[in-house]
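Visitor: Input structure: run19.txt, which contains compact mmCIF, C-alpha atoms.
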# COMPACT_ATOMS: atom_id res chain seq x y z
CA MET S 1 203.79 -85.83 203.04
CA SER S 2 201.05 -85.88 200.37
CA GLN S 3 199.72 -82.52 201.55
CA LEU S 4 203.19 -81.01 201.23
CA GLY S 5 203.44 -82.37 197.67
CA ASP S 6 200.06 -80.83 196.80
CA GLU S 7 201.20 -77.42 198.01
CA MET S 8 204.40 -77.64 195.96
CA ALA S 9 202.34 -78.57 192.89
CA LYS S 10 200.04 -75.57 193.43
CA LYS S 11 202.97 -73.20 193.61
CA ALA S 12 204.39 -74.66 190.42
CA ASN S 13 201.07 -74.04 188.57
CA TYR S 14 201.13 -70.27 189.14
CA LYS S 15 201.61 -68.35 185.89
CA LYS S 16 202.42 -64.79 184.95
CA THR S 17 199.97 -62.80 182.87
CA ASP S 18 200.68 -61.53 179.39
CA GLY S 19 200.08 -57.94 180.46
CA ASP S 20 201.30 -56.05 183.47
CA GLY S 21 199.34 -58.15 185.94
CA ASP S 22 200.89 -60.20 188.75
CA VAL S 23 200.74 -63.88 189.49
CA VAL S 24 197.48 -65.72 189.09
CA GLY S 25 196.32 -68.71 191.13
CA ASP S 26 194.61 -71.84 189.96
CA GLY S 27 191.11 -70.39 190.19
CA GLY S 28 191.92 -66.66 189.82
CA SER S 29 191.47 -64.38 186.87
CA SER S 30 194.43 -62.81 185.14
CA GLY S 31 194.97 -59.10 185.49
CA GLY S 32 195.18 -57.16 182.24
CA GLY S 33 196.54 -53.78 181.27
CA ASP S 34 197.92 -51.89 184.22
CA GLY S 35 196.27 -54.07 186.79
CA ASN S 36 198.30 -55.23 189.74
CA GLY S 37 195.70 -57.52 191.25
CA VAL S 38 196.34 -60.93 192.66
CA GLY S 39 194.35 -64.03 191.82
CA LYS S 40 191.84 -65.39 194.26
CA GLY S 41 193.63 -68.71 194.45
CA GLU S 42 196.86 -67.07 195.64
CA ALA S 43 195.11 -64.90 198.18
CA LYS S 44 193.30 -67.91 199.52
CA GLY S 45 196.57 -69.91 199.66
CA ASP S 46 198.30 -67.16 201.67
CA ASP S 47 195.52 -67.09 204.26
CA THR S 48 195.76 -70.82 205.02
CA ILE S 49 198.43 -72.25 207.41
CA SER S 50 199.86 -75.66 206.63
CA PHE S 51 200.77 -78.10 209.41
CA SER S 52 202.32 -80.71 207.14
CA TRP S 53 205.75 -80.23 208.80
CA TRP S 54 204.19 -81.35 212.10
CA ARG S 55 203.34 -84.68 210.54
CA LEU S 56 206.91 -85.07 209.27
CA VAL S 57 208.29 -84.65 212.78
CA PHE S 58 206.41 -87.70 214.04
CA LYS S 59 206.66 -89.75 210.87
CA LYS S 60 208.18 -93.21 211.23
CA ARG S 61 211.12 -94.14 209.04
CA ALA S 62 210.34 -97.85 209.28
CA ASN S 63 206.77 -98.69 208.38
CA HIS S 64 206.01 -101.30 211.04
CA ARG S 65 203.28 -101.81 213.55
CA MET S 66 203.82 -100.36 217.01
CA VAL S 67 204.10 -103.14 219.62
CA CYS S 68 203.87 -102.56 223.35
CA ASP S 69 203.30 -105.88 225.07
CA LEU S 70 204.33 -106.13 228.72
CA ARG S 71 203.95 -109.89 228.61
CA LEU S 72 207.16 -110.06 226.58
CA LEU S 73 209.08 -109.11 229.74
CA PHE S 74 208.19 -112.47 231.24
CA LYS S 75 208.92 -114.48 228.11
CA PRO S 76 211.74 -117.00 228.76
CA ILE S 77 215.12 -116.30 227.19
CA PRO S 78 215.88 -118.77 224.38
CA PRO S 79 218.78 -121.16 225.02
CA MET S 80 222.26 -120.50 223.58
CA ARG S 81 223.07 -122.03 220.25
CA ALA S 82 226.39 -123.41 221.52
CA ASP S 83 228.32 -123.37 224.77
CA VAL S 84 231.63 -121.62 224.01
CA ARG S 85 232.80 -121.24 227.60
CA GLY S 86 235.15 -124.18 227.33
CA GLU S 87 236.87 -123.00 224.17
CA LYS S 88 240.39 -121.58 224.26
CA LYS S 89 240.43 -117.81 224.58
CA ARG S 90 242.46 -115.56 222.31
CA VAL S 91 246.01 -115.19 223.58
CA LYS S 92 246.88 -111.59 224.32
CA TRP S 93 250.06 -110.23 222.73
CA ASP S 94 252.70 -109.89 225.42
CA GLY S 95 254.82 -107.31 223.61
CA ALA S 96 258.12 -107.64 221.81
CA LYS S 97 260.81 -109.94 223.11
CA THR S 98 263.19 -108.24 225.53
CA ALA S 99 266.86 -108.77 226.23
CA ASN S 100 267.99 -111.42 228.70
CA TRP S 101 269.05 -108.92 231.34
CA SER S 102 268.02 -109.35 234.95
CA PRO S 103 265.28 -106.86 235.91
CA TRP S 104 267.17 -105.93 239.07
CA LEU S 105 270.36 -105.30 237.12
CA VAL S 106 268.49 -103.20 234.55
CA ALA S 107 266.84 -101.12 237.26
CA LEU S 108 270.16 -100.59 239.07
CA TYR S 109 272.05 -99.66 235.92
CA VAL S 110 269.36 -97.30 234.62
CA THR S 111 269.08 -95.61 238.02
CA PHE S 112 272.82 -95.12 238.47
CA VAL S 113 273.67 -94.06 234.91
CA GLY S 114 270.51 -91.99 234.58
CA LEU S 115 271.39 -90.12 237.77
CA LEU S 116 274.88 -89.41 236.45
CA VAL S 117 273.43 -88.15 233.16
CA ALA S 118 270.99 -85.88 235.00
CA VAL S 119 273.71 -84.46 237.28
CA GLY S 120 275.99 -83.94 234.28
CA GLY S 121 273.25 -82.08 232.42
CA VAL S 122 272.70 -79.74 235.38
CA GLY S 123 276.44 -79.13 235.67
CA LEU S 124 276.64 -78.37 231.98
CA LEU S 125 273.87 -75.80 232.30
CA LEU S 126 275.66 -74.11 235.20
CA LYS S 127 279.11 -74.04 233.59
CA SER S 128 278.24 -73.52 229.93
CA HIS S 129 278.48 -69.72 230.15
CA SER S 130 282.12 -69.90 231.30
CA MET S 131 283.22 -72.65 228.88
CA HIS S 132 284.82 -72.27 225.49
CA LEU S 133 282.39 -72.59 222.62
CA ALA S 134 284.03 -75.78 221.32
CA ASP S 135 283.98 -77.40 224.76
CA ALA S 136 280.35 -76.45 225.35
CA PHE S 137 279.27 -77.75 221.95
CA ALA S 138 281.16 -81.04 222.41
CA SER S 139 279.67 -81.48 225.90
CA VAL S 140 276.14 -80.98 224.61
CA VAL S 141 276.65 -83.51 221.79
CA VAL S 142 278.14 -86.16 224.08
CA TRP S 143 275.47 -85.59 226.73
CA CYS S 144 272.69 -86.08 224.14
CA LEU S 145 274.32 -89.30 222.93
CA ALA S 146 274.65 -90.60 226.49
CA SER S 147 271.02 -89.78 227.25
CA SER S 148 269.88 -91.56 224.10
CA ALA S 149 272.00 -94.59 224.96
CA ILE S 150 270.58 -95.00 228.48
CA LEU S 151 267.03 -94.60 227.21
CA ARG S 152 267.58 -97.21 224.52
CA PHE S 153 269.00 -99.53 227.16
CA ALA S 154 265.87 -99.01 229.25
CA ASP S 155 263.77 -100.21 226.28
CA GLN S 156 265.49 -103.61 226.59
CA GLU S 157 265.27 -104.52 222.92
CA GLN S 158 267.15 -107.67 222.02
CA ASN S 159 269.32 -106.14 219.32
CA THR S 160 270.18 -102.81 220.93
CA ALA S 161 270.25 -103.27 224.73
CA SER S 162 273.84 -104.47 225.02
CA LYS S 163 275.16 -101.88 222.55
CA ALA S 164 273.34 -99.11 224.38
CA ALA S 165 274.82 -100.22 227.71
CA ILE S 166 278.34 -100.13 226.29
CA GLN S 167 277.77 -96.75 224.64
CA SER S 168 276.44 -95.15 227.81
CA ALA S 169 279.34 -96.57 229.85
CA LEU S 170 281.89 -95.12 227.39
CA LEU S 171 280.24 -91.77 226.75
CA LEU S 172 279.86 -90.73 230.40
CA PRO S 173 283.63 -90.56 231.12
CA VAL S 174 284.11 -88.63 227.89
CA PHE S 175 281.40 -86.17 228.88
CA PHE S 176 282.74 -85.54 232.37
CA GLY S 177 286.28 -85.33 230.99
CA ILE S 178 285.24 -82.55 228.61
CA LEU S 179 283.21 -80.83 231.33
CA VAL S 180 286.09 -80.81 233.83
CA ALA S 181 289.26 -80.69 231.72
CA ARG S 182 287.89 -78.42 228.93
CA PRO S 183 290.36 -79.59 226.26
CA ALA S 184 289.64 -76.83 223.75
CA GLU S 185 290.19 -74.13 226.34
CA LEU S 186 293.31 -75.92 227.57
CA ALA S 187 294.68 -76.26 224.02
CA LEU S 188 294.04 -72.59 223.34
CA ALA S 189 295.76 -71.54 226.57
CA THR S 190 298.70 -73.82 225.78
CA ALA S 191 299.02 -72.32 222.30
CA VAL S 192 298.91 -68.79 223.68
CA ALA S 193 301.48 -69.65 226.35
CA SER S 194 303.80 -71.30 223.83
CA GLY S 195 303.47 -68.30 221.51
CA ALA S 196 304.28 -65.92 224.32
CA THR S 197 307.25 -68.06 225.37
CA SER S 198 308.61 -68.13 221.82
CA GLY S 199 308.11 -64.39 221.55
CA VAL S 200 310.08 -63.76 224.75
CA TYR S 201 312.80 -66.12 223.56
CA ASN S 202 313.11 -64.32 220.22
CA THR S 203 313.19 -60.94 221.97
CA SER S 204 315.91 -62.07 224.34
CA VAL S 205 318.00 -63.41 221.46
So, in terms of structure tokens, how does the structure I just supplied come out?
Guide:
Amino acid sequence: MSQLGDEMAKKANYKKTDGDGDVVGDGGSSGGGDGNGVGKGEAKGDDTISFSWWRLVFKKRANHRMVCDLRLLFKPIPPMRADVRGEKKRVKWDGAKTANWSPWLVALYVTFVGLLVAVGGVGLLLKSHSMHLADAFASVVVWCLASSAILRFADQEQNTASKAAIQSALLLPVFFGILVARPAELALATAVASGATSGVYNTSV
């Protein structure tokens, strides 16, 4: 490290001549007039190769004495300060409190209602192209609400499990009723039929 500092100090001591000469080293003579010579100190510095970086690679950050004593492998381990094996261990968090539903009942309800929701979604995909836009939109909305309700019931949170069960049980009949009956399409056909009937009646009169 000291050698590197000496080289940096030498480079900082180089000066330019007053004339047209180039840089002059510590022991060199300055070039005057039109001279372009280089000082002897600089030429000598360029010929030398510094290995100070090699020392920095193997330099220790902590200035301590190297110790390699194989006898330390056989040195007895010091005793523990205190025996903590009998102390009470930290209790692991067991998650949020769940609703008081039977696990078998929850599994049966989620399986049955989830299967109905999945079948209804597939049926909606197959029949959506032939449905009225209002019926298709209402079916998609009700199906999303039913899916959300059954998933919230599966979470078994205390405050939302019962509400989600009731919502899923009420939304499924509504969904299948829209999917099968198609009320918007039926209302439109009824209106067209009633208009045609009234038109025929007026024509006959």
Visitor: Considering only C-alpha atoms, can you say which of S:Val117, S:Trp54, S:Arg81, S:Arg182 comes closest to Leu151 of chain S?
Guide: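 Once distances to Leu151 of chain S are computed over only C-alpha atoms, the minimum belongs to S:Val117.
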Visitor: Pick the closest to Ser162 of chain S from S:Thr190, S:Thr98, S:Ser52, S:Asn63: which is it, counting only C-alpha atoms?
Guide: S:Thr98
Visitor: Smallest atom-to-atom distance to Met131 of chain S: which of S:Leu116, S:Ala82, S:Ala161, S:Ala181, using all atoms listed in the file?
Guide: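 Between S:Leu116, S:Ala82, S:Ala161, S:Ala181, the residue approaching Met131 of chain S most closely is S:Ala181.
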Visitor: Counting only C-alpha atoms, which residue out of S:Ala96, S:Phe176, S:Arg85, S:Pro183 sits closest to Gln156 of chain S?
Guide: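 That would be S:Ala96, the residue with the smallest distance to Gln156 of chain S.
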Visitor: Using Å and a single decimal, report how far atom CA of Ala189 of chain S sits from atom CA of Val174 of chain S.
Guide: 20.7 Å
Visitor: Between atom CA of Val142 of chain S and atom CA of Phe175 of chain S, what is the spacing in Å?
Guide: 5.8 Å
Visitor: In Å, rounded to a single decimal, give me how far atom CA of Val140 of chain S is from atom CA of Ser168 of chain S.
Guide: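 These atoms are spaced 14.5 Å apart.
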Visitor: Looking at all atoms listed in the file, which of S:Ile150, S:Ala165, S:His64, S:Leu125 is the one that sits closest to Phe137 of chain S?
Guide: S:Leu125
Visitor: Grab all the atoms of segment 97-111 of chain S that the file lists, wrap them in a box along x, y and z, add 3 Å per side, and give me centre plus edge lengths in Å (one decimal) as AutoDock Vina command-line options.
Guide:
--center_x 266.4 --center_y -103.5 --center_z 231.1 --size_x 17.2 --size_y 21.8 --size_z 22.0
Visitor: Using all atoms listed in the file, which of the listed residues (S:Trp53, S:Gln167, S:Ala191, S:Thr160) sits closest to Lys97 of chain S?
Guide: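 For Lys97 of chain S, the nearest of the given residues is S:Thr160.
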Visitor: Would you list the contacts of Ala134 of chain S as a PyMOL selection string, taking every protein, DNA or RNA residue within 12 Å and counting all atoms listed in the file, but skipping same-chain residues closer than 3 positions in sequence?
Guide: chain S and resi 128+130-131+137-141+178-179+182-188
